[in-house]
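> Structure below; questions to follow.
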Amino acid sequence: MIFIEGIISLLFLVAALLELNYNSLRGTLFERLTVQFYVEDLAQWDWAIACVYLLIFTIFWFLIYYRSKWRAKLYLEYLTRIGVGALFIAASIFKIKDPELFSMLVAQYQFLPSFAVNLFSLLLPVLELIGGILLIVGPKTRWNAKIILFMLTLFIIALSQALIRDLGITCGCFDIEGAQDKKGAWVALIRDLLLVPPMLFLSLRTRQCWIWDPFTLNGSPRSGYVSKRRF
Amino acid sequence: MKAEYKYYLIIAGIVLSAAIVNNLRLGDMKINWFDSPEVWEKPL
């Protein structure tokens with residue numbers, strides 16, 4: 001029963017994320033898959049609909065929490081690990097493909113001294129990719145979360161100084177096209193700020209394990225869960 | 001604590017070598033490591 005609740009709540013979380021990011025999915029395969037669920041007339045209510053979905057997700061999570069606290073916590077930890085890791089991997093791909101273009105975006109921030117711009121734009125995407133993969137897979141979750149937290153701090157400082165100085169920047173977060181106006185930069189800043197508390201939690205309190213450990217160690221694989229004692 | 005630093009050192013090594021490989025992959029369009037593109041005075 002808890003498993004079914006978990007699946008249903010996950011569906012609502014994914015629906016909320018799709019609702020929020022629908023504009024950036026236009027023209028992709030994703031649009032063709034999701035277009036029948038999307039009502040154009042309700043486009044202006046995207047935020048409200050996403051909030052309702054998130055509310056339903058929270059209700060389902062509390063239903064799980066009511067039965068078994070540690071399972072609900074494990075579930076939330078896993079969602080954060082996989083979600084943030086996938087976010088960083090997705091963000092790193094275009095930067096690794098085209099470091100020259102990314103270094104131009106970095107230079108626009110006018111934040112680093114000129115000798116460090118290319119160095120930074122070659123090293124950061126690789127760190128993003130490796131940090132993302134390690135956060136999802138790796139056994140040292142707290143240490144990996146600290147790497148991600150370090151990068152988030154960098155992004156927050158760079159974005160906020162660019163916004164304060166009123167520079168005409170493109171965010172350069174996920175795509176070259178993304179965030180070409182001030183509103184996009186604000187959205188990116190708020191997203192980074194929202195990611196800080198869960199990453200703080202992961203870097204201080206989470207269990208250190210491989211992603212598959214709770215499903216393989218200590219007990220029958222069919223149960224899908226491991227006893228509390230193990231961690 | 002010591003193990004943590006060692007872990008970060010290993011990751012730094014992996015990142016550096018991957019960045020070098022990525023830069024070599026670009027072939028003739030190799031980027032100069034200690035340089036900056038000319039966009040300082042003209043933001044978008």
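Residues are named by chain letter and number: chains run A, B, ... in the order of the structure tokens, numbers start at 1 in each chain, and ligands are numbered from 1 in the order shown.
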Report the closest atom pair, with its distance in Å rounded to one decimal, for each residue of chain A that has an atom no farther than 7 Å from chain B; count only C-alpha atoms, sort by chain and then rising residue number, and write it as JSON lines.


```
{"residue": "A:Met104", "atom": "CA", "partner": "B:Pro37", "partner_atom": "CA", "distance": 5.9}
{"residue": "A:Ala107", "atom": "CA", "partner": "B:Trp40", "partner_atom": "CA", "distance": 6.4}
{"residue": "A:Gln108", "atom": "CA", "partner": "B:Pro43", "partner_atom": "CA", "distance": 5.8}
{"residue": "A:Gln110", "atom": "CA", "partner": "B:Trp40", "partner_atom": "CA", "distance": 6.7}
{"residue": "A:Ser114", "atom": "CA", "partner": "B:Ser36", "partner_atom": "CA", "distance": 5.2}
{"residue": "A:Phe115", "atom": "CA", "partner": "B:Phe34", "partner_atom": "CA", "distance": 4.5}
{"residue": "A:Ala116", "atom": "CA", "partner": "B:Phe34", "partner_atom": "CA", "distance": 6.0}
{"residue": "A:Val117", "atom": "CA", "partner": "B:Ser36", "partner_atom": "CA", "distance": 5.5}
{"residue": "A:Asn118", "atom": "CA", "partner": "B:Trp33", "partner_atom": "CA", "distance": 5.4}
{"residue": "A:Leu119", "atom": "CA", "partner": "B:Trp33", "partner_atom": "CA", "distance": 5.2}
{"residue": "A:Leu122", "atom": "CA", "partner": "B:Ala19", "partner_atom": "CA", "distance": 5.8}
{"residue": "A:Leu123", "atom": "CA", "partner": "B:Ala19", "partner_atom": "CA", "distance": 5.7}
{"residue": "A:Val126", "atom": "CA", "partner": "B:Val15", "partner_atom": "CA", "distance": 5.9}
{"residue": "A:Leu127", "atom": "CA", "partner": "B:Val15", "partner_atom": "CA", "distance": 5.8}
{"residue": "A:Gly168", "atom": "CA", "partner": "B:Leu44", "partner_atom": "CA", "distance": 5.5}
{"residue": "A:Ile169", "atom": "CA", "partner": "B:Leu44", "partner_atom": "CA", "distance": 6.4}
```

> Skipping near chain neighbours, those fewer than 6 positions away, what residues fall within 9 Å of Gly6 (chain A) using only C-alpha atoms, listed as a short mmCIF file (atom, residue, chain, number, x, y, z; two decimals) with all heavy atoms, in the first residue's frame?


```cif
data_model
loop_
_atom_site.label_atom_id
_atom_site.label_comp_id
_atom_site.auth_asym_id
_atom_site.auth_seq_id
_atom_site.Cartn_x
_atom_site.Cartn_y
_atom_site.Cartn_z
N PHE A 60 -0.06 12.97 0.01
CA PHE A 60 0.32 11.56 -0.11
C PHE A 60 1.55 11.24 0.72
O PHE A 60 1.65 10.18 1.33
CB PHE A 60 0.55 11.19 -1.58
CG PHE A 60 -0.69 10.73 -2.27
CD1 PHE A 60 -1.43 11.59 -3.06
CD2 PHE A 60 -1.14 9.43 -2.11
CE1 PHE A 60 -2.58 11.17 -3.67
CE2 PHE A 60 -2.30 9.00 -2.73
CZ PHE A 60 -3.02 9.88 -3.51
N TRP A 61 2.50 12.20 0.74
CA TRP A 61 3.72 11.97 1.52
C TRP A 61 3.39 11.85 3.01
O TRP A 61 3.92 10.99 3.71
CB TRP A 61 4.74 13.09 1.28
CG TRP A 61 6.05 12.78 1.96
CD1 TRP A 61 7.00 11.93 1.51
CD2 TRP A 61 6.50 13.26 3.22
NE1 TRP A 61 8.03 11.86 2.41
CE2 TRP A 61 7.75 12.66 3.47
CE3 TRP A 61 5.98 14.14 4.16
CZ2 TRP A 61 8.49 12.92 4.61
CZ3 TRP A 61 6.71 14.40 5.30
CH2 TRP A 61 7.95 13.79 5.53
N ILE A 64 2.09 8.48 3.86
CA ILE A 64 3.16 7.50 4.07
C ILE A 64 3.82 7.73 5.42
O ILE A 64 4.08 6.79 6.17
CB ILE A 64 4.21 7.60 2.94
CG1 ILE A 64 3.55 7.36 1.58
CG2 ILE A 64 5.32 6.59 3.14
CD1 ILE A 64 4.46 7.68 0.42
N ALA A 72 9.12 7.15 4.86
CA ALA A 72 8.79 8.41 4.22
C ALA A 72 10.04 9.27 4.06
O ALA A 72 10.25 9.91 3.03
CB ALA A 72 7.75 9.15 5.04
N TYR A 75 12.25 7.87 1.30
CA TYR A 75 11.63 8.20 0.02
C TYR A 75 11.97 9.64 -0.39
O TYR A 75 12.36 9.91 -1.53
CB TYR A 75 10.12 7.99 0.18
CG TYR A 75 9.24 8.45 -0.94
CD1 TYR A 75 9.44 7.98 -2.22
CD2 TYR A 75 8.20 9.33 -0.69
CE1 TYR A 75 8.60 8.40 -3.24
CE2 TYR A 75 7.37 9.74 -1.70
CZ TYR A 75 7.57 9.28 -2.97
OH TYR A 75 6.76 9.69 -3.97
#
```

> Find the spatial neighbours of Gly85 (chain A), counting only C-alpha atoms, within a cut-off of 6 Å - ignore same-chain residues fewer than 3 positions away - and output them as an mmCIF file with N, CA, C and O atoms, in the first residue's frame.


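Saved to part-v8.cif:
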```cif
data_model
loop_
_atom_site.group_PDB
_atom_site.id
_atom_site.type_symbol
_atom_site.label_atom_id
_atom_site.label_comp_id
_atom_site.auth_asym_id
_atom_site.auth_seq_id
_atom_site.Cartn_x
_atom_site.Cartn_y
_atom_site.Cartn_z
ATOM 1 N N ARG A 81 17.942 13.192 -3.961
ATOM 2 C CA ARG A 81 19.196 12.743 -4.577
ATOM 3 C C ARG A 81 19.060 12.619 -6.085
ATOM 4 O O ARG A 81 19.851 13.181 -6.853
ATOM 5 N N ILE A 82 18.035 11.885 -6.519
ATOM 6 C CA ILE A 82 17.878 11.628 -7.951
ATOM 7 C C ILE A 82 17.502 12.910 -8.688
ATOM 8 O O ILE A 82 18.038 13.210 -9.758
ATOM 9 N N PHE A 88 21.605 18.470 -12.339
ATOM 10 C CA PHE A 88 22.985 18.888 -12.616
ATOM 11 C C PHE A 88 23.540 18.196 -13.857
ATOM 12 O O PHE A 88 24.273 18.809 -14.630
ATOM 13 N N GLY A 132 26.873 15.363 -10.166
ATOM 14 C CA GLY A 132 25.510 14.850 -10.332
ATOM 15 C C GLY A 132 25.470 13.332 -10.307
ATOM 16 O O GLY A 132 24.644 12.737 -9.609
ATOM 17 N N LEU A 135 26.247 12.109 -6.807
ATOM 18 C CA LEU A 135 25.153 12.324 -5.853
ATOM 19 C C LEU A 135 24.095 11.231 -6.005
ATOM 20 O O LEU A 135 23.549 10.744 -5.014
ATOM 21 N N ILE A 136 23.808 10.849 -7.248
ATOM 22 C CA ILE A 136 22.812 9.795 -7.453
ATOM 23 C C ILE A 136 23.365 8.444 -7.005
ATOM 24 O O ILE A 136 22.749 7.739 -6.220
#
```

> Please provide the set of residues having any atom within 8 Å of Asn144 (chain A), restricted to only C-alpha atoms, with same-chain residues fewer than 5 positions apart removed, written as a compact mmCIF listing (two decimals) with N, CA and C atoms, in the first residue's frame.


```
# COMPACT_ATOMS: atom_id res chain seq x y z
N GLY A 131 29.68 15.51 -10.22
CA GLY A 131 28.96 15.71 -8.96
C GLY A 131 27.55 15.15 -9.03
N LEU A 134 27.73 11.31 -9.04
CA LEU A 134 28.12 10.81 -7.72
C LEU A 134 26.98 10.98 -6.71
N LEU A 135 26.25 12.11 -6.81
CA LEU A 135 25.15 12.32 -5.85
C LEU A 135 24.10 11.23 -6.00
N GLY A 138 26.75 7.48 -5.76
CA GLY A 138 27.88 7.26 -4.87
C GLY A 138 27.55 6.93 -3.42
N SER A 203 23.69 17.14 3.04
CA SER A 203 25.11 17.19 3.39
C SER A 203 25.34 17.01 4.89
```

> At a cut-off of 12 Å, using only C-alpha atoms, what residues contact Leu154 (chain A)? Leave out same-chain residues fewer than 3 positions from it and give the result as a PyMOL selection string.

chain A and resi 111-112+120+124+147-151+157-161+189+192-193+196
